[in-house]
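To be precise, the following lines are target34.csv, and they hold CSV, C-alpha atoms.
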chain,number,residue,atom,x,y,z
A,169,MET,CA,-2.9,13.2,-24.8
A,170,ILE,CA,-5.6,11.3,-23.0
A,171,ILE,CA,-4.8,8.1,-21.0
A,172,PRO,CA,-7.6,5.7,-19.9
A,173,HIS,CA,-7.9,5.6,-16.1
A,174,ARG,CA,-8.1,2.4,-14.0
A,175,THR,CA,-11.6,1.1,-13.4
A,176,PRO,CA,-12.7,-2.3,-12.1
A,177,CYS,CA,-12.3,-5.1,-14.6
A,178,LEU,CA,-15.1,-6.1,-16.8
A,179,GLU,CA,-15.5,-9.5,-15.2
A,180,GLY,CA,-15.9,-7.8,-11.8
A,181,LYS,CA,-18.5,-5.3,-13.2
A,182,ILE,CA,-20.5,-8.2,-14.6
A,183,ASN,CA,-20.2,-10.4,-11.4
A,184,VAL,CA,-20.5,-7.8,-8.7
A,185,GLU,CA,-22.0,-10.1,-6.1
A,186,GLY,CA,-20.4,-13.3,-4.9
A,187,GLU,CA,-19.4,-15.5,-2.1
A,188,GLU,CA,-17.3,-13.9,0.6
A,189,GLU,CA,-15.4,-17.2,1.3
A,190,HIS,CA,-14.3,-17.4,-2.4
A,191,LEU,CA,-12.9,-13.9,-2.1
A,192,LYS,CA,-11.0,-14.7,1.0
A,193,LEU,CA,-9.5,-17.8,-0.6
A,194,VAL,CA,-8.1,-15.7,-3.4
A,195,LEU,CA,-6.8,-13.0,-1.0
A,196,SER,CA,-5.1,-15.7,1.2
A,197,HIS,CA,-3.2,-17.0,-1.8
A,198,LEU,CA,-1.9,-13.5,-2.6
A,199,LEU,CA,-0.1,-13.2,0.8
A,200,LYS,CA,3.3,-14.7,1.1
A,201,LYS,CA,2.7,-15.8,4.6
A,202,ARG,CA,-0.8,-17.2,3.9
A,203,LYS,CA,-3.5,-16.3,6.5
A,204,ASN,CA,-6.2,-18.6,7.6
A,205,GLU,CA,-9.3,-17.5,5.7
A,206,ASP,CA,-11.2,-17.2,8.9
A,207,ASN,CA,-8.8,-14.5,9.9
A,208,ILE,CA,-9.4,-12.4,6.8
A,209,LYS,CA,-11.9,-9.6,7.5
A,210,ILE,CA,-13.5,-7.7,4.6
A,211,LEU,CA,-14.0,-4.0,5.5
A,212,PRO,CA,-15.2,-0.8,3.8
A,213,SER,CA,-11.7,0.7,3.5
A,214,GLY,CA,-8.0,0.4,4.2
A,215,ASN,CA,-8.3,3.1,6.8
A,216,ALA,CA,-10.9,0.9,8.7
A,217,ALA,CA,-8.3,-1.9,8.5
A,218,ILE,CA,-5.6,0.3,10.0
A,219,PHE,CA,-7.9,1.4,12.9
A,220,ILE,CA,-8.8,-2.2,13.7
A,221,ALA,CA,-5.1,-3.2,13.4
A,222,SER,CA,-4.3,-0.5,15.9
A,223,LYS,CA,-6.9,-1.9,18.3
A,224,ILE,CA,-5.5,-5.3,18.0
A,225,VAL,CA,-2.0,-4.0,18.9
A,226,LYS,CA,-3.4,-2.2,21.9
A,227,ASP,CA,-5.5,-5.1,23.1
A,228,ILE,CA,-2.6,-7.5,23.0
A,229,LEU,CA,0.3,-5.3,24.1
A,230,GLY,CA,-1.3,-2.2,25.6
A,231,GLU,CA,-0.7,1.5,25.0
A,232,GLY,CA,2.7,2.9,24.1
A,233,ASN,CA,4.9,3.8,21.1
A,234,ILE,CA,4.7,2.4,17.6
A,235,LEU,CA,7.2,3.0,14.8
A,236,ILE,CA,6.3,4.4,11.4
A,237,PRO,CA,8.6,5.4,8.5
A,238,ASP,CA,9.6,9.1,8.2
A,239,MET,CA,8.3,9.1,4.6
A,240,GLY,CA,6.7,6.7,2.1
A,241,GLY,CA,4.1,5.5,4.6
A,242,TRP,CA,0.4,6.2,4.8
A,243,ARG,CA,-1.1,9.2,6.6
A,244,GLY,CA,-3.5,6.9,8.4
A,245,PHE,CA,-0.5,5.6,10.4
A,246,LEU,CA,-0.3,9.0,12.0
A,247,ARG,CA,-4.0,9.4,12.6
A,248,TYR,CA,-5.7,6.1,13.7
A,249,PRO,CA,-3.2,4.7,16.2
A,250,LYS,CA,-3.4,8.0,18.1
A,251,MET,CA,-7.2,7.4,18.7
A,252,LEU,CA,-6.2,4.4,20.8
A,253,ASN,CA,-3.4,6.1,22.7
A,254,LEU,CA,-0.6,4.6,20.6
A,255,ASN,CA,2.1,7.1,19.9
A,256,PRO,CA,3.5,7.1,16.4
A,257,ILE,CA,7.3,7.8,16.2
A,258,LYS,CA,8.9,8.3,12.8
A,259,ILE,CA,12.1,6.4,12.2
A,260,LYS,CA,14.8,7.5,9.8
A,261,THR,CA,14.6,5.7,6.4
A,262,ASN,CA,16.5,5.7,3.1
A,263,LEU,CA,13.9,7.8,1.2
A,264,GLY,CA,11.1,5.6,2.7
A,265,VAL,CA,13.0,2.3,2.6
A,266,VAL,CA,13.8,0.9,6.1
A,267,ASP,CA,17.4,0.5,7.1
A,268,ILE,CA,17.7,-2.6,9.3
A,269,GLU,CA,20.3,-1.2,11.6
A,270,GLU,CA,18.3,2.0,12.1
A,271,LEU,CA,15.2,-0.1,12.8
A,272,ILE,CA,17.0,-2.1,15.5
A,273,SER,CA,18.4,1.1,17.0
A,274,SER,CA,14.9,2.7,17.1
A,275,ILE,CA,13.4,-0.4,18.7
A,276,GLU,CA,16.0,-0.4,21.4
A,277,LYS,CA,15.5,3.4,22.0
A,278,TYR,CA,11.7,3.6,21.9
A,279,ASN,CA,10.6,0.2,23.1
A,280,PRO,CA,7.6,0.2,20.6
A,281,LYS,CA,4.6,-2.1,20.6
A,282,ALA,CA,4.6,-2.4,16.8
A,283,LEU,CA,5.9,-1.3,13.5
A,284,PHE,CA,3.5,0.1,10.9
A,285,LEU,CA,4.8,0.0,7.3
A,286,THR,CA,3.9,-0.1,3.7
A,287,SER,CA,5.3,-3.1,1.7
A,288,LEU,CA,6.2,-0.6,-1.1
A,289,ALA,CA,7.6,2.6,0.2
A,290,GLY,CA,5.6,5.5,-1.2
A,291,TYR,CA,4.6,3.1,-4.1
A,292,LEU,CA,8.1,3.7,-5.3
A,293,ALA,CA,10.4,1.0,-3.9
A,294,PRO,CA,10.1,-2.3,-2.0
A,295,GLN,CA,10.9,-2.8,1.7
A,296,PRO,CA,13.2,-5.6,2.9
A,297,LEU,CA,10.2,-7.4,4.3
A,298,LYS,CA,11.9,-10.7,5.3
A,299,GLU,CA,14.6,-8.9,7.2
A,300,ILE,CA,12.1,-6.6,8.9
A,301,LYS,CA,9.9,-9.5,9.9
A,302,LYS,CA,12.9,-11.3,11.4
A,303,VAL,CA,13.8,-8.2,13.5
A,304,CYS,CA,10.3,-7.7,14.7
A,305,GLU,CA,10.1,-11.4,15.8
A,306,GLU,CA,13.5,-11.1,17.6
A,307,PHE,CA,12.3,-8.1,19.6
A,308,GLY,CA,8.8,-9.3,20.2
A,309,ILE,CA,7.0,-6.4,18.5
A,310,LEU,CA,4.1,-6.7,16.0
A,311,PHE,CA,4.6,-6.0,12.3
A,312,VAL,CA,1.6,-4.3,10.7
A,313,GLU,CA,2.1,-4.4,6.9
A,314,ASP,CA,0.0,-2.3,4.5
A,315,VAL,CA,0.1,-4.3,1.2
A,316,SER,CA,-2.1,-2.0,-0.9
A,317,GLY,CA,0.7,-1.1,-3.3
A,318,LYS,CA,2.4,-4.5,-3.6
A,319,ILE,CA,-0.3,-7.1,-3.4
A,320,GLY,CA,0.3,-9.4,-6.3
A,321,ASP,CA,4.0,-9.6,-5.6
A,322,ASP,CA,6.1,-10.6,-2.6
A,323,CYS,CA,4.2,-9.3,0.4
A,324,GLY,CA,2.1,-10.3,3.3
A,325,TYR,CA,4.8,-11.0,5.9
A,326,GLY,CA,3.2,-9.0,8.6
A,327,ASP,CA,1.6,-10.4,11.8
A,328,ILE,CA,-1.3,-8.2,10.7
A,329,VAL,CA,-1.9,-7.2,7.1
A,330,VAL,CA,-4.0,-4.3,6.0
A,331,CYS,CA,-5.0,-3.4,2.4
A,332,SER,CA,-7.1,-0.9,0.6
A,333,MET,CA,-9.2,-1.9,-2.4
A,334,GLY,CA,-10.2,1.7,-3.2
A,335,SER,CA,-9.2,3.6,-6.2
A,336,PRO,CA,-6.5,3.7,-7.5
A,337,LYS,CA,-5.0,0.6,-6.0
A,338,ILE,CA,-3.7,-2.7,-7.3
A,339,ILE,CA,-7.0,-4.4,-6.3
A,340,ASN,CA,-9.1,-1.5,-7.8
A,341,CYS,CA,-12.7,-1.9,-6.7
A,342,GLU,CA,-13.3,1.8,-5.9
A,343,TYR,CA,-14.4,0.6,-2.5
A,344,GLY,CA,-13.4,-1.7,0.3
A,345,GLY,CA,-10.4,-3.1,2.1
A,346,PHE,CA,-9.4,-6.0,4.2
A,347,LEU,CA,-7.6,-7.0,7.4
A,348,ALA,CA,-5.8,-10.3,7.9
A,349,PHE,CA,-3.9,-11.7,10.9
A,350,ASP,CA,-1.9,-14.7,11.9
A,351,GLU,CA,-3.4,-17.5,13.9
A,352,GLU,CA,-1.0,-16.5,16.7
A,353,ILE,CA,-2.7,-13.1,16.9
A,354,LYS,CA,-6.0,-14.8,17.2
A,355,GLU,CA,-4.7,-16.9,20.1
A,356,GLU,CA,-3.3,-13.8,21.8
A,357,LEU,CA,-6.7,-12.1,21.5
A,358,LYS,CA,-8.3,-15.1,23.1
A,359,LYS,CA,-5.9,-15.0,26.0
A,360,VAL,CA,-6.8,-11.3,26.8
A,361,ASN,CA,-10.5,-12.0,26.2
A,362,LYS,CA,-10.6,-9.5,23.3
A,363,LEU,CA,-11.5,-11.8,20.4
A,364,ASP,CA,-15.3,-11.6,20.8
A,365,GLU,CA,-15.0,-7.8,21.2
A,366,LEU,CA,-13.0,-7.6,18.0
A,367,ASN,CA,-15.5,-9.7,16.0
A,368,ALA,CA,-18.4,-7.5,17.4
A,369,LEU,CA,-16.5,-4.4,16.2
A,370,ILE,CA,-15.9,-5.8,12.8
A,371,LYS,CA,-19.7,-6.6,12.4
A,372,THR,CA,-20.4,-2.8,12.7
A,373,TYR,CA,-18.4,-2.3,9.5
A,374,LYS,CA,-21.1,-3.7,7.2
A,375,VAL,CA,-19.9,-4.3,3.7
A,376,PRO,CA,-22.3,-4.6,0.8
A,377,ASN,CA,-22.0,-7.7,-1.3
A,378,PHE,CA,-19.3,-6.6,-3.8
A,379,PHE,CA,-17.5,-9.9,-3.1
A,380,GLY,CA,-17.6,-11.0,-6.7
A,381,LEU,CA,-16.1,-7.7,-8.0
A,382,MET,CA,-13.4,-7.9,-5.3
A,383,LYS,CA,-12.6,-11.5,-6.2
A,384,GLU,CA,-12.2,-10.7,-9.9
A,385,GLU,CA,-10.0,-7.7,-9.2
A,386,ALA,CA,-7.9,-9.8,-6.7
A,387,LYS,CA,-7.4,-12.4,-9.4
A,388,ASN,CA,-5.9,-9.7,-11.6
A,389,ALA,CA,-3.5,-8.4,-8.9
A,390,LYS,CA,-0.4,-10.2,-10.1
A,391,LYS,CA,-0.9,-9.1,-13.7
A,392,VAL,CA,-1.7,-5.5,-12.8
A,393,TYR,CA,1.3,-5.2,-10.5
A,394,LYS,CA,3.7,-6.6,-13.1
A,395,LYS,CA,2.4,-4.2,-15.8
A,396,CYS,CA,2.7,-1.2,-13.4
A,397,VAL,CA,6.3,-2.2,-12.7
A,398,TYR,CA,7.0,-2.7,-16.4
A,399,PHE,CA,5.8,0.7,-17.4
A,400,SER,CA,7.5,2.3,-14.4
A,401,ASN,CA,10.8,0.8,-15.5
A,402,ILE,CA,10.5,2.2,-18.9
A,403,ILE,CA,10.3,5.7,-17.5
A,404,LYS,CA,13.2,5.1,-15.1
A,405,SER,CA,15.4,3.9,-18.0
A,406,GLU,CA,14.6,7.0,-20.0
A,407,MET,CA,14.7,9.7,-17.3
A,408,GLU,CA,18.1,10.7,-15.8
A,409,ASN,CA,16.3,12.3,-12.8
A,410,ALA,CA,14.4,9.1,-11.8
A,411,TYR,CA,15.0,7.6,-8.4
A,412,PHE,CA,15.1,3.9,-7.5
A,413,LYS,CA,16.2,2.9,-10.9
A,414,ASP,CA,17.2,-0.6,-9.8
A,415,LYS,CA,14.0,-1.1,-7.7
A,416,ASP,CA,10.5,-2.2,-8.6
A,417,GLY,CA,7.7,0.3,-8.0
A,418,VAL,CA,4.2,1.0,-9.3
A,419,CYS,CA,4.9,4.8,-9.6
A,420,VAL,CA,8.0,6.8,-10.5
A,421,PHE,CA,9.6,9.7,-8.7
A,422,LEU,CA,11.4,12.3,-10.8
A,423,GLU,CA,13.4,15.0,-9.1
A,424,TYR,CA,12.7,18.6,-10.1
A,425,GLU,CA,13.5,21.9,-8.3
A,426,ASN,CA,10.2,23.3,-9.5
A,427,PRO,CA,7.6,20.6,-9.1
A,428,ARG,CA,4.6,22.9,-9.3
A,429,GLU,CA,5.6,24.3,-12.7
A,430,VAL,CA,6.5,20.8,-14.0
A,431,ALA,CA,3.1,19.4,-12.9
A,432,LYS,CA,1.3,22.3,-14.5
A,433,PHE,CA,3.2,21.7,-17.8
A,434,VAL,CA,2.5,18.0,-17.8
A,435,ASP,CA,-1.2,18.5,-16.9
A,436,SER,CA,-1.6,20.8,-19.9
A,437,ARG,CA,-0.4,18.0,-22.2
A,438,VAL,CA,-1.6,14.8,-20.7
A,439,LYS,CA,-4.6,13.8,-18.6
A,440,LEU,CA,-6.5,10.8,-17.6
A,441,ASP,CA,-9.9,10.3,-19.3
A,442,ASN,CA,-11.6,11.1,-16.0
A,443,GLY,CA,-10.0,14.6,-16.1
A,444,LYS,CA,-7.5,13.8,-13.3
A,445,SER,CA,-3.8,14.3,-13.3
A,446,ILE,CA,-1.2,11.6,-13.7
A,447,ILE,CA,1.1,13.6,-11.5
A,448,THR,CA,1.5,14.0,-7.7
A,449,LYS,CA,3.6,16.9,-6.5
A,450,CYS,CA,6.3,16.3,-3.8
A,451,PRO,CA,7.5,16.6,-1.1
A,452,LEU,CA,4.7,14.5,0.3
A,453,TYR,CA,4.8,12.1,3.3
A,454,ASP,CA,2.8,9.5,1.4
A,455,ARG,CA,5.4,9.4,-1.4
A,456,ILE,CA,8.8,11.0,-0.7
A,457,LEU,CA,10.0,14.2,1.0
A,458,ARG,CA,12.0,15.5,-1.9
A,459,ASN,CA,11.2,18.2,-4.5
A,460,GLY,CA,9.8,16.6,-7.6
A,461,ILE,CA,6.9,14.8,-9.1
A,462,VAL,CA,5.5,11.2,-9.0
A,463,VAL,CA,4.2,9.8,-12.2
A,464,GLU,CA,1.2,7.7,-11.0
A,465,ILE,CA,1.3,4.7,-13.2
A,466,LYS,CA,-1.1,2.9,-10.9
A,467,LYS,CA,-3.8,5.4,-11.9
A,468,MET,CA,-3.6,4.4,-15.5
A,469,ASP,CA,-5.5,1.5,-17.1
A,470,VAL,CA,-2.3,-0.5,-17.4
A,471,LEU,CA,-3.9,-3.5,-19.0
A,472,ASN,CA,-5.2,-1.4,-21.9
A,473,ILE,CA,-2.2,0.9,-22.7
A,474,ASP,CA,1.1,0.1,-24.3
A,475,LYS,CA,4.8,1.1,-24.4
A,476,ASP,CA,4.1,3.7,-27.0
A,477,ASN,CA,1.8,5.6,-24.6
A,478,ILE,CA,4.5,5.6,-21.9
A,479,ILE,CA,7.1,6.8,-24.3
A,480,GLU,CA,4.9,9.7,-25.3
A,481,ILE,CA,4.6,10.6,-21.7
A,482,VAL,CA,8.4,10.4,-21.4
A,483,ASN,CA,8.9,12.7,-24.3
A,484,ILE,CA,6.6,15.3,-22.5
A,485,LEU,CA,8.6,14.9,-19.3
A,486,LYS,CA,11.9,15.3,-21.1
A,487,LYS,CA,10.9,18.8,-22.2
A,488,GLN,CA,11.2,19.9,-18.5
A,489,ILE,CA,14.7,18.6,-17.8
As structure tokens:
Amino acid sequence: MIIPHRTPCLEGKINVEGEEEHLKLVLSHLLKKRKNEDNIKILPSGNAAIFIASKIVKDILGEGNILIPDMGGWRGFLRYPKMLNLNPIKIKTNLGVVDIEELISSIEKYNPKALFLTSLAGYLAPQPLKEIKKVCEEFGILFVEDVSGKIGDDCGYGDIVVCSMGSPKIINCEYGGFLAFDEEIKEELKKVNKLDELNALIKTYKVPNFFGLMKEEAKNAKKVYKKCVYFSNIIKSEMENAYFKDKDGVCVFLEYENPREVAKFVDSRVKLDNGKSIITKCPLYDRILRNGIVVEIKKMDVLNIDKDNIIEIVNILKKQI
């Protein structure tokens, strides 16, 4: 069985170049807490956005601890803050999803400067973003939110938002990312005389004019997200070993004691048309620290497949239960 893989949309391929301001307008409207378009910075990657977000945290609040989830985050949370003498501390979660009481306890214990978190834990389940934002405000720590997996839905509550537009993401341009921050962050950077330095740094991250492509992909974000969730829910409803059955996600975790063998079996029967696997083996920090596999719905061309394709995948998976 061959499944088409995600590629940038046809409109984006035709209109690759465009106006950066038009792109920023679309991105702003995708964030629940809309950012001033002047405070949205287009970058070469999501990792570049995480590094610059880390610098903003350090510039405003100084060196010290930051909190990250113990699973379901992004490996860049461990790497890039360390370059700026920010110390990542993993907090206990419910399989990647933040527990509010545990978050409060960790803030009181470690006195962090910020919380770095993905809106969608491991691409599998949503975080309680409104509650998290409220706690961060009460304790005066910055909330850095990676919206890569949830943009197009309820996300964008962070003081600083980062997003990848690489492949395979909801905004799937095979290149790029962005950083966005609240007006209050801009004012704090002015107070510590770091805003000009930040703007100078961002200018070193030269991005080719793919703004038309990025805009068209961003315009499709809501539709792509909903389709990923729809297909994920079909698998969850059919598979007894699926996690997060009552939660929206753009991928599905299935528990198996022998993930390597299961992945090998599935790979022998279904592939993406670029030759890549639809399966990620776990335990894996970026997904979940349990034995099993993740079915990567977000890798599939979800706008050009149907329920029958997913049911065929389910029938293959059921042979390994």
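One distance worth recording is that between atom CA of A:Val184 and atom CA of A:Gly320, which is 21.0 Å.
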Would you pick out the contacts of A:Tyr373 at 8 Å or less, using all atoms listed in the file, so that residues sharing its chain but fewer than 3 positions from it are not included, and give the list as a short mmCIF file (atom, residue, chain, number, x, y, z; two decimals) with C-alpha atoms, in the frame of the given file?
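Result went into around-v7.cif, see below:
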data_model
loop_
_atom_site.label_atom_id
_atom_site.label_comp_id
_atom_site.auth_asym_id
_atom_site.auth_seq_id
_atom_site.Cartn_x
_atom_site.Cartn_y
_atom_site.Cartn_z
CA LEU A 211 -14.00 -4.00 5.50
CA PRO A 212 -15.20 -0.80 3.80
CA LEU A 369 -16.50 -4.40 16.20
CA ILE A 370 -15.90 -5.80 12.80
#
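Atom CA of A:Lys395 to atom CA of A:Gly326 spans 24.9 Å [interatomic distance, one decimal].
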(message) List the spatial neighbours of A:Leu195 as a VMD selection string - criterion: any atom at most 12 Å away, all atoms listed in the file, same-chain residues fewer than 3 positions off excluded.
(response) chain A and resid 188 to 192 198 to 210 315 to 316 319 to 320 323 to 324 329 to 331 333 339 345 to 348 379 382 to 390
Suppose we keep C-alpha atoms; can you now write the selection as a PDB file, in the coordinates of the input?
ATOM      1  CA  GLU A 188     -17.300 -13.900   0.600  1.00  0.00           C
ATOM      2  CA  GLU A 189     -15.400 -17.200   1.300  1.00  0.00           C
ATOM      3  CA  HIS A 190     -14.300 -17.400  -2.400  1.00  0.00           C
ATOM      4  CA  LEU A 191     -12.900 -13.900  -2.100  1.00  0.00           C
ATOM      5  CA  LYS A 192     -11.000 -14.700   1.000  1.00  0.00           C
ATOM      6  CA  LEU A 198      -1.900 -13.500  -2.600  1.00  0.00           C
ATOM      7  CA  LEU A 199      -0.100 -13.200   0.800  1.00  0.00           C
ATOM      8  CA  LYS A 200       3.300 -14.700   1.100  1.00  0.00           C
ATOM      9  CA  LYS A 201       2.700 -15.800   4.600  1.00  0.00           C
ATOM     10  CA  ARG A 202      -0.800 -17.200   3.900  1.00  0.00           C
ATOM     11  CA  LYS A 203      -3.500 -16.300   6.500  1.00  0.00           C
ATOM     12  CA  ASN A 204      -6.200 -18.600   7.600  1.00  0.00           C
ATOM     13  CA  GLU A 205      -9.300 -17.500   5.700  1.00  0.00           C
ATOM     14  CA  ASP A 206     -11.200 -17.200   8.900  1.00  0.00           C
ATOM     15  CA  ASN A 207      -8.800 -14.500   9.900  1.00  0.00           C
ATOM     16  CA  ILE A 208      -9.400 -12.400   6.800  1.00  0.00           C
ATOM     17  CA  LYS A 209     -11.900  -9.600   7.500  1.00  0.00           C
ATOM     18  CA  ILE A 210     -13.500  -7.700   4.600  1.00  0.00           C
ATOM     19  CA  VAL A 315       0.100  -4.300   1.200  1.00  0.00           C
ATOM     20  CA  SER A 316      -2.100  -2.000  -0.900  1.00  0.00           C
ATOM     21  CA  ILE A 319      -0.300  -7.100  -3.400  1.00  0.00           C
ATOM     22  CA  GLY A 320       0.300  -9.400  -6.300  1.00  0.00           C
ATOM     23  CA  CYS A 323       4.200  -9.300   0.400  1.00  0.00           C
ATOM     24  CA  GLY A 324       2.100 -10.300   3.300  1.00  0.00           C
ATOM     25  CA  VAL A 329      -1.900  -7.200   7.100  1.00  0.00           C
ATOM     26  CA  VAL A 330      -4.000  -4.300   6.000  1.00  0.00           C
ATOM     27  CA  CYS A 331      -5.000  -3.400   2.400  1.00  0.00           C
ATOM     28  CA  MET A 333      -9.200  -1.900  -2.400  1.00  0.00           C
ATOM     29  CA  ILE A 339      -7.000  -4.400  -6.300  1.00  0.00           C
ATOM     30  CA  GLY A 345     -10.400  -3.100   2.100  1.00  0.00           C
ATOM     31  CA  PHE A 346      -9.400  -6.000   4.200  1.00  0.00           C
ATOM     32  CA  LEU A 347      -7.600  -7.000   7.400  1.00  0.00           C
ATOM     33  CA  ALA A 348      -5.800 -10.300   7.900  1.00  0.00           C
ATOM     34  CA  PHE A 379     -17.500  -9.900  -3.100  1.00  0.00           C
ATOM     35  CA  MET A 382     -13.400  -7.900  -5.300  1.00  0.00           C
ATOM     36  CA  LYS A 383     -12.600 -11.500  -6.200  1.00  0.00           C
ATOM     37  CA  GLU A 384     -12.200 -10.700  -9.900  1.00  0.00           C
ATOM     38  CA  GLU A 385     -10.000  -7.700  -9.200  1.00  0.00           C
ATOM     39  CA  ALA A 386      -7.900  -9.800  -6.700  1.00  0.00           C
ATOM     40  CA  LYS A 387      -7.400 -12.400  -9.400  1.00  0.00           C
ATOM     41  CA  ASN A 388      -5.900  -9.700 -11.600  1.00  0.00           C
ATOM     42  CA  ALA A 389      -3.500  -8.400  -8.900  1.00  0.00           C
ATOM     43  CA  LYS A 390      -0.400 -10.200 -10.100  1.00  0.00           C
TER      44      LYS A 390
END
(request) Enumerate, as a VMD selection string, the protein, DNA and RNA residues whose atoms approach (-3.1, -13.0, 21.7) to within 12 Å, taking into account only C-alpha atoms and the coordinate frame of the file. (result) chain A and resid 224 to 230 310 327 349 to 363 366
(request) To one decimal in Å, tell me the separation between atom CA of A:Glu423 and atom CA of A:Ile456. (result) 10.4 Å
(request) Counting all atoms listed in the file, figure out which residue out of A:Ile465, A:Ile338, A:Ile479, A:Leu452 gets nearest to A:Met407. (result) A:Ile479
So which residues fall inside 6 Å of (0.8, 4.8, 2.0) if we count all atoms listed in the file? Mind giving them as a short mmCIF file (atom, residue, chain, number, x, y, z; two decimals) with C-alpha atoms, keeping the file's coordinate frame?
data_model
loop_
_atom_site.label_atom_id
_atom_site.label_comp_id
_atom_site.auth_asym_id
_atom_site.auth_seq_id
_atom_site.Cartn_x
_atom_site.Cartn_y
_atom_site.Cartn_z
CA GLY A 241 4.10 5.50 4.60
CA TRP A 242 0.40 6.20 4.80
CA GLY A 290 5.60 5.50 -1.20
CA ASP A 454 2.80 9.50 1.40
#
(message) Given all atoms listed in the file as the basis, pick out the residue of A:Gln295, A:Gln488, A:Val462, A:Asn367 nearest to A:Ile220.
(response) A:Asn367
(message) Just want the 12 Å neighbourhood of A:Leu297, counted on all atoms listed in the file, with same-chain residues fewer than 6 positions away dropped. Output as a ChimeraX atom specification.
(response) /A:200-201,265-268,283,285-289,303-304,311-315,318,321-327
Would you output that residue set with C-alpha atoms, as a short mmCIF file (atom, residue, chain, number, x, y, z; two decimals), in the coordinates of the input?
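Writing done, so here's again-v6.cif:
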data_model
loop_
_atom_site.label_atom_id
_atom_site.label_comp_id
_atom_site.auth_asym_id
_atom_site.auth_seq_id
_atom_site.Cartn_x
_atom_site.Cartn_y
_atom_site.Cartn_z
CA LYS A 200 3.30 -14.70 1.10
CA LYS A 201 2.70 -15.80 4.60
CA VAL A 265 13.00 2.30 2.60
CA VAL A 266 13.80 0.90 6.10
CA ASP A 267 17.40 0.50 7.10
CA ILE A 268 17.70 -2.60 9.30
CA LEU A 283 5.90 -1.30 13.50
CA LEU A 285 4.80 0.00 7.30
CA THR A 286 3.90 -0.10 3.70
CA SER A 287 5.30 -3.10 1.70
CA LEU A 288 6.20 -0.60 -1.10
CA ALA A 289 7.60 2.60 0.20
CA VAL A 303 13.80 -8.20 13.50
CA CYS A 304 10.30 -7.70 14.70
CA PHE A 311 4.60 -6.00 12.30
CA VAL A 312 1.60 -4.30 10.70
CA GLU A 313 2.10 -4.40 6.90
CA ASP A 314 0.00 -2.30 4.50
CA VAL A 315 0.10 -4.30 1.20
CA LYS A 318 2.40 -4.50 -3.60
CA ASP A 321 4.00 -9.60 -5.60
CA ASP A 322 6.10 -10.60 -2.60
CA CYS A 323 4.20 -9.30 0.40
CA GLY A 324 2.10 -10.30 3.30
CA TYR A 325 4.80 -11.00 5.90
CA GLY A 326 3.20 -9.00 8.60
CA ASP A 327 1.60 -10.40 11.80
#
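Near A:Lys475, within 12 Å and counting all atoms listed in the file, sit Lys395, Cys396, Tyr398, Phe399, Ser400, Asn401, Ile402, Ile403, Val470, Leu471, Ile479, Glu480, Ile481 and Val482 of chain A, not including residues fewer than 4 positions from it in the same chain.
With all atoms listed in the file as the basis for measurement, A:Ile272 is the residue among A:Tyr278, A:Lys258, A:Ile272, A:Val194 that approaches A:Lys301 most closely.
Residue nearest A:Tyr411 within the list A:Asn442, A:Ser273, A:Asn262, A:Asn377: A:Asn262 [criterion: smallest interatomic distance, all atoms listed in the file].
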(request) Can you work out which one of A:Val430, A:Val420, A:Leu271, A:Ile170 has the shortest atom-to-atom distance to A:Asn477, counting all atoms listed in the file? (result) A:Ile170
(request) Find, counting all atoms listed in the file, the residue in A:Ala431, A:Cys450, A:Ile259, A:Ala410 that gets nearest to A:Lys277. (result) A:Ile259
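The shell of residues at most 6 Å from stretch 245-256 of chain A, with only C-alpha atoms counted and near chain neighbours (fewer than 4 positions) removed, consists of Phe219, Ser222, Glu231, Gly232, Asn233, Ile234 and Leu235 of chain A.
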